[in-house]
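*Asks:* Just passing along the structure, written as C-alpha cells.
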Amino acid sequence: MKIGIITGASAGLGKEFYRVVCRRHPELDEIWIIARREERLRALAGEMPDRKTVCVPLDLTLEASYEALEKKLADEKPEIALLINNAGCGRLGNVKDEHWTTQTAQVDLNVKAVTAVTTLCLPYMKKGSWILNVCSISSFCPNPRMTVYSATKAYLYSYSKSLRFELQPYGINVCAVCPGPMETEFLGIAGISKDNSKAFATLPYCDPVKVTENGVIAAENGQGVYTPKFFFKFYRAFAKVVPHGIVMHFSKT
C-alpha cells in the first residue's frame, strides 16, 4: 500500500497541500491527514470523495501521538511515498512578555514533532520518496519579536539540509519550503496583524496555492530548498553574506 502523509492538514497550507497531492499523485492508495481537529479533517476529506483519505486526529505536541503513529505504521506497514511536515505554530511578541508555555509550544510542534514524525516515517520510505518540510524566510536570520519561532525554523532549515545529505544515497529527497507571510489562520493565532507589525504590513505576501503547488513540484524534482518570490530569494542571499547583527535591524517583526 502506497501512501502520502500530511501533518497540520486541518487549515491553511495543510489544506492546500492535500488538494495538490490529490491532484498530482493519483497513484497513492491512501492519503493520511494529521491534525488535532478531527471534524476539520473529515470536512477536508469530504472534498475528495474519490480519494481514500484516512483522518488521523493527533496532537503532535504530545508524545502519546508519536506512539500512536508508530503503532499505526507498524500495524499497516505502508510504503510512504511522500511526507509533508506542515504542522507548526508561532507567536508575535517579546520573549520577556510572553508566557513560557507559548514559547515551548513552538519548540514542541516546530522542532520536536517534525523530528519525531520524520524519524518514524523514514523506515517506510524507499528510493523516489520525498519529504517536504514547511520552513520559513525567518529561518534565514533571527527575527526579534518572533525569537523562538525563527529559532525553530532555523533548526528545521538546517535539519532539512543535513537530512537531505544523509538520504541522498537512498534516493530520498528532502526539500525545505521557505515562504514569506501568507493570509492564513497562522497570522491570527500568532497574534499578528498589519497594525501591530511593521514587517507584516510592508512585506510582499505569498499566495498559499502557488506556494504549495510549487513546493511540491520542487520536492518531486529533487530540489533542496524552495523560496518563492524574487524579494525573498534576495533576502535569503543577503542574510548569508551580511552579519546577522546588521540584518536583524531589518528582520525584526
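Within each chain, counting starts at residue 1; across the C-alpha cells, chains are named A, B, ... in the order shown, with ligands numbered 1 upward in that order.
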Could you give me, as a PDB file with N, CA, C and O atoms, in the first residue's frame, the residues within 9 Å of A:Leu163, counting only C-alpha atoms and dropping anything in the same chain fewer than 5 positions from it?
*Replies:*
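Everything below was put into around28.pdb:
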```pdb
ATOM      1  N   SER A 158      18.180  23.852   8.852  1.00  0.00           N
ATOM      2  CA  SER A 158      19.435  23.105   8.966  1.00  0.00           C
ATOM      3  C   SER A 158      19.180  21.602   8.964  1.00  0.00           C
ATOM      4  O   SER A 158      19.897  20.835   8.293  1.00  0.00           O
ATOM      5  N   GLN A 168      20.559  11.152   0.465  1.00  0.00           N
ATOM      6  CA  GLN A 168      20.851  11.113  -0.974  1.00  0.00           C
ATOM      7  C   GLN A 168      21.271   9.723  -1.462  1.00  0.00           C
ATOM      8  O   GLN A 168      20.837   9.288  -2.537  1.00  0.00           O
ATOM      9  N   ASN A 173      14.534  12.405  -1.314  1.00  0.00           N
ATOM     10  CA  ASN A 173      14.803  13.839  -1.292  1.00  0.00           C
ATOM     11  C   ASN A 173      14.135  14.513  -0.091  1.00  0.00           C
ATOM     12  O   ASN A 173      13.088  14.079   0.389  1.00  0.00           O
ATOM     13  N   VAL A 174      14.780  15.571   0.383  1.00  0.00           N
ATOM     14  CA  VAL A 174      14.214  16.423   1.437  1.00  0.00           C
ATOM     15  C   VAL A 174      14.263  17.854   0.935  1.00  0.00           C
ATOM     16  O   VAL A 174      15.322  18.337   0.512  1.00  0.00           O
TER      17      VAL A 174
END
```
*Asks:* Listing only residues of stretch 177-214 of chain A within 12 Å of stretch 121-140 of chain A, what is the closest atom pair and its distance in Å (to one decimal) for each, using only C-alpha atoms, sorted by chain and residue number ascending, as a Markdown table?
*Replies:*
```
| residue | atom | partner | partner_atom | distance |
| --- | --- | --- | --- | --- |
| A:Val177 | CA | A:Val134 | CA | 5.0 |
| A:Cys178 | CA | A:Ser136 | CA | 3.9 |
| A:Pro179 | CA | A:Ser136 | CA | 5.1 |
| A:Gly180 | CA | A:Ile137 | CA | 5.6 |
| A:Pro181 | CA | A:Ser136 | CA | 8.6 |
| A:Met182 | CA | A:Ser136 | CA | 10.8 |
| A:Ala199 | CA | A:Ser138 | CA | 11.7 |
| A:Leu203 | CA | A:Ile137 | CA | 11.4 |
| A:Tyr205 | CA | A:Ile137 | CA | 11.8 |
| A:Cys206 | CA | A:Ile137 | CA | 11.3 |
| A:Pro208 | CA | A:Val134 | CA | 11.8 |
| A:Val211 | CA | A:Val134 | CA | 10.1 |
| A:Thr212 | CA | A:Val134 | CA | 9.5 |
| A:Glu213 | CA | A:Leu132 | CA | 11.9 |
| A:Asn214 | CA | A:Leu132 | CA | 11.4 |
```
*Asks:* Could you tell me which of A:Ala11, A:Ile5, A:Cys22, A:Cys175 comes closest to A:Leu41 if we count only C-alpha atoms?
*Replies:*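 Among A:Ala11, A:Ile5, A:Cys22, A:Cys175, it is A:Ala11 that comes nearest to A:Leu41.
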*Asks:* DSSP says helix (DSSP H, G or I) for which residues of stretch 138-214 of chain A? Put them as a VMD selection string?
*Replies:* chain A and resid 138 to 139 147 to 170 185 to 189 198 to 202 208 to 214
*Asks:* Calculated over only C-alpha atoms, which of the candidates A:Thr61, A:Arg91, A:Arg24, A:Phe238 has the smallest distance to A:Leu187?
*Replies:*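 Ranked by minimum distance to A:Leu187, first place goes to A:Arg91.
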*Asks:* With only C-alpha atoms as the counted atoms, please give the residues lying no more than 9 Å from stretch 93-100 of chain A, apart from itself and same-chain residues fewer than 6 positions off, as a list in words.
*Replies:*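 The neighbour list is Pro144, Arg145, Met146, Thr147, Val148, Gly191 and Thr253 of chain A.
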*Asks:* Between A:Lys194, A:Arg164, A:Lys240, A:Lys233, which one has atoms that come closest to A:Ala219, using only C-alpha atoms?
*Replies:*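 When distances to A:Ala219 are compared using only C-alpha atoms, the smallest one comes from A:Arg164.
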*Asks:* Quick check, in Å to one decimal: how far apart do atom CA of A:Ile34 and atom CA of A:Cys55 lie?
*Replies:*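 Separation of atom CA of A:Ile34 and atom CA of A:Cys55: 6.4 Å.
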*Asks:* Skip A:Thr115 itself and residues of its chain fewer than 4 positions away, then list as a list of chain:residue names all residues within 9 Å of it, counting only C-alpha atoms.
*Replies:*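 Near A:Thr115, the qualifying residues are A:Asn110, A:Val111, A:Thr119, A:Leu120, A:Leu156, A:Tyr159.
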*Asks:* Using only C-alpha atoms, which residues sit within 12 Å of A:Phe17 once same-chain residues fewer than 3 positions away are excluded, as a PyMOL selection string?
*Replies:* chain A and resi 4-14+20-25+31-33+44+82-87+132-134+208-217
*Asks:* Out of A:Ala176, A:Lys71, A:Ala190, A:Glu63, which residue has the shortest atom-to-atom distance to A:Ser162 when counting only C-alpha atoms?
*Replies:* A:Ala176
*Asks:* Write down as a PDB file with N, CA and C atoms, in the first residue's frame the residues of stretch 17-173 of chain A whose backbone DSSP state falls under strand (DSSP E or B).
*Replies:*
```
ATOM      1  N   GLU A  30      -3.708   5.644  -0.419  1.00  0.00           N
ATOM      2  CA  GLU A  30      -4.325   6.392   0.682  1.00  0.00           C
ATOM      3  C   GLU A  30      -3.530   7.669   0.926  1.00  0.00           C
ATOM      4  N   ILE A  31      -4.235   8.674   1.440  1.00  0.00           N
ATOM      5  CA  ILE A  31      -3.591   9.885   1.930  1.00  0.00           C
ATOM      6  C   ILE A  31      -3.960  10.035   3.397  1.00  0.00           C
ATOM      7  N   TRP A  32      -2.971  10.042   4.258  1.00  0.00           N
ATOM      8  CA  TRP A  32      -3.200  10.207   5.695  1.00  0.00           C
ATOM      9  C   TRP A  32      -3.041  11.680   6.030  1.00  0.00           C
ATOM     10  N   ILE A  33      -4.079  12.264   6.616  1.00  0.00           N
ATOM     11  CA  ILE A  33      -4.016  13.666   7.021  1.00  0.00           C
ATOM     12  C   ILE A  33      -4.086  13.735   8.545  1.00  0.00           C
ATOM     13  N   ILE A  34      -3.146  14.485   9.112  1.00  0.00           N
ATOM     14  CA  ILE A  34      -2.964  14.538  10.565  1.00  0.00           C
ATOM     15  C   ILE A  34      -3.171  15.957  11.072  1.00  0.00           C
ATOM     16  N   ALA A  35      -3.968  16.086  12.131  1.00  0.00           N
ATOM     17  CA  ALA A  35      -4.147  17.364  12.831  1.00  0.00           C
ATOM     18  C   ALA A  35      -4.953  17.075  14.092  1.00  0.00           C
ATOM     19  N   THR A  53      -9.019   8.792   1.845  1.00  0.00           N
ATOM     20  CA  THR A  53      -8.312   9.654   2.791  1.00  0.00           C
ATOM     21  C   THR A  53      -8.526   9.130   4.200  1.00  0.00           C
ATOM     22  N   VAL A  54      -7.448   8.960   4.931  1.00  0.00           N
ATOM     23  CA  VAL A  54      -7.509   8.461   6.303  1.00  0.00           C
ATOM     24  C   VAL A  54      -7.255   9.630   7.250  1.00  0.00           C
ATOM     25  N   CYS A  55      -8.245   9.951   8.059  1.00  0.00           N
ATOM     26  CA  CYS A  55      -8.119  11.033   9.035  1.00  0.00           C
ATOM     27  C   CYS A  55      -7.460  10.492  10.303  1.00  0.00           C
ATOM     28  N   VAL A  56      -6.368  11.123  10.701  1.00  0.00           N
ATOM     29  CA  VAL A  56      -5.605  10.673  11.869  1.00  0.00           C
ATOM     30  C   VAL A  56      -5.550  11.843  12.855  1.00  0.00           C
ATOM     31  N   PRO A  57      -6.527  11.934  13.772  1.00  0.00           N
ATOM     32  CA  PRO A  57      -6.547  13.060  14.704  1.00  0.00           C
ATOM     33  C   PRO A  57      -5.512  12.889  15.820  1.00  0.00           C
ATOM     34  N   GLU A  79       4.016   1.758   2.344  1.00  0.00           N
ATOM     35  CA  GLU A  79       5.140   2.429   1.709  1.00  0.00           C
ATOM     36  C   GLU A  79       4.792   3.904   1.664  1.00  0.00           C
ATOM     37  N   ILE A  80       5.609   4.735   2.308  1.00  0.00           N
ATOM     38  CA  ILE A  80       5.341   6.168   2.356  1.00  0.00           C
ATOM     39  C   ILE A  80       6.052   6.831   1.182  1.00  0.00           C
ATOM     40  N   ALA A  81       5.272   7.274   0.224  1.00  0.00           N
ATOM     41  CA  ALA A  81       5.841   7.904  -0.977  1.00  0.00           C
ATOM     42  C   ALA A  81       6.193   9.360  -0.732  1.00  0.00           C
ATOM     43  N   LEU A  82       5.451  10.014   0.163  1.00  0.00           N
ATOM     44  CA  LEU A  82       5.726  11.420   0.451  1.00  0.00           C
ATOM     45  C   LEU A  82       5.267  11.762   1.862  1.00  0.00           C
ATOM     46  N   LEU A  83       6.025  12.626   2.482  1.00  0.00           N
ATOM     47  CA  LEU A  83       5.710  13.141   3.817  1.00  0.00           C
ATOM     48  C   LEU A  83       5.817  14.656   3.771  1.00  0.00           C
ATOM     49  N   ILE A  84       4.726  15.334   4.125  1.00  0.00           N
ATOM     50  CA  ILE A  84       4.727  16.796   4.186  1.00  0.00           C
ATOM     51  C   ILE A  84       4.569  17.211   5.649  1.00  0.00           C
ATOM     52  N   ASN A  85       5.646  17.721   6.228  1.00  0.00           N
ATOM     53  CA  ASN A  85       5.619  18.212   7.607  1.00  0.00           C
ATOM     54  C   ASN A  85       5.189  19.678   7.585  1.00  0.00           C
ATOM     55  N   TRP A 130       9.908  11.318  -1.048  1.00  0.00           N
ATOM     56  CA  TRP A 130      10.408  12.638  -0.688  1.00  0.00           C
ATOM     57  C   TRP A 130       9.711  13.193   0.552  1.00  0.00           C
ATOM     58  N   ILE A 131      10.425  14.106   1.202  1.00  0.00           N
ATOM     59  CA  ILE A 131       9.941  14.790   2.405  1.00  0.00           C
ATOM     60  C   ILE A 131       9.940  16.285   2.121  1.00  0.00           C
ATOM     61  N   LEU A 132       8.852  16.941   2.446  1.00  0.00           N
ATOM     62  CA  LEU A 132       8.759  18.392   2.326  1.00  0.00           C
ATOM     63  C   LEU A 132       8.542  18.974   3.717  1.00  0.00           C
ATOM     64  N   ASN A 133       9.453  19.827   4.156  1.00  0.00           N
ATOM     65  CA  ASN A 133       9.327  20.491   5.450  1.00  0.00           C
ATOM     66  C   ASN A 133       8.964  21.952   5.235  1.00  0.00           C
ATOM     67  N   VAL A 134       7.861  22.374   5.821  1.00  0.00           N
ATOM     68  CA  VAL A 134       7.443  23.766   5.688  1.00  0.00           C
ATOM     69  C   VAL A 134       8.273  24.608   6.644  1.00  0.00           C
ATOM     70  N   ASN A 173      14.534  12.405  -1.314  1.00  0.00           N
ATOM     71  CA  ASN A 173      14.803  13.839  -1.292  1.00  0.00           C
ATOM     72  C   ASN A 173      14.135  14.513  -0.091  1.00  0.00           C
TER      73      ASN A 173
END
```
*Asks:* Grab the atom CA of A:Lys153 to atom CA of A:Leu109 distance for me, in Å with one decimal place.
*Replies:* 10.9 Å
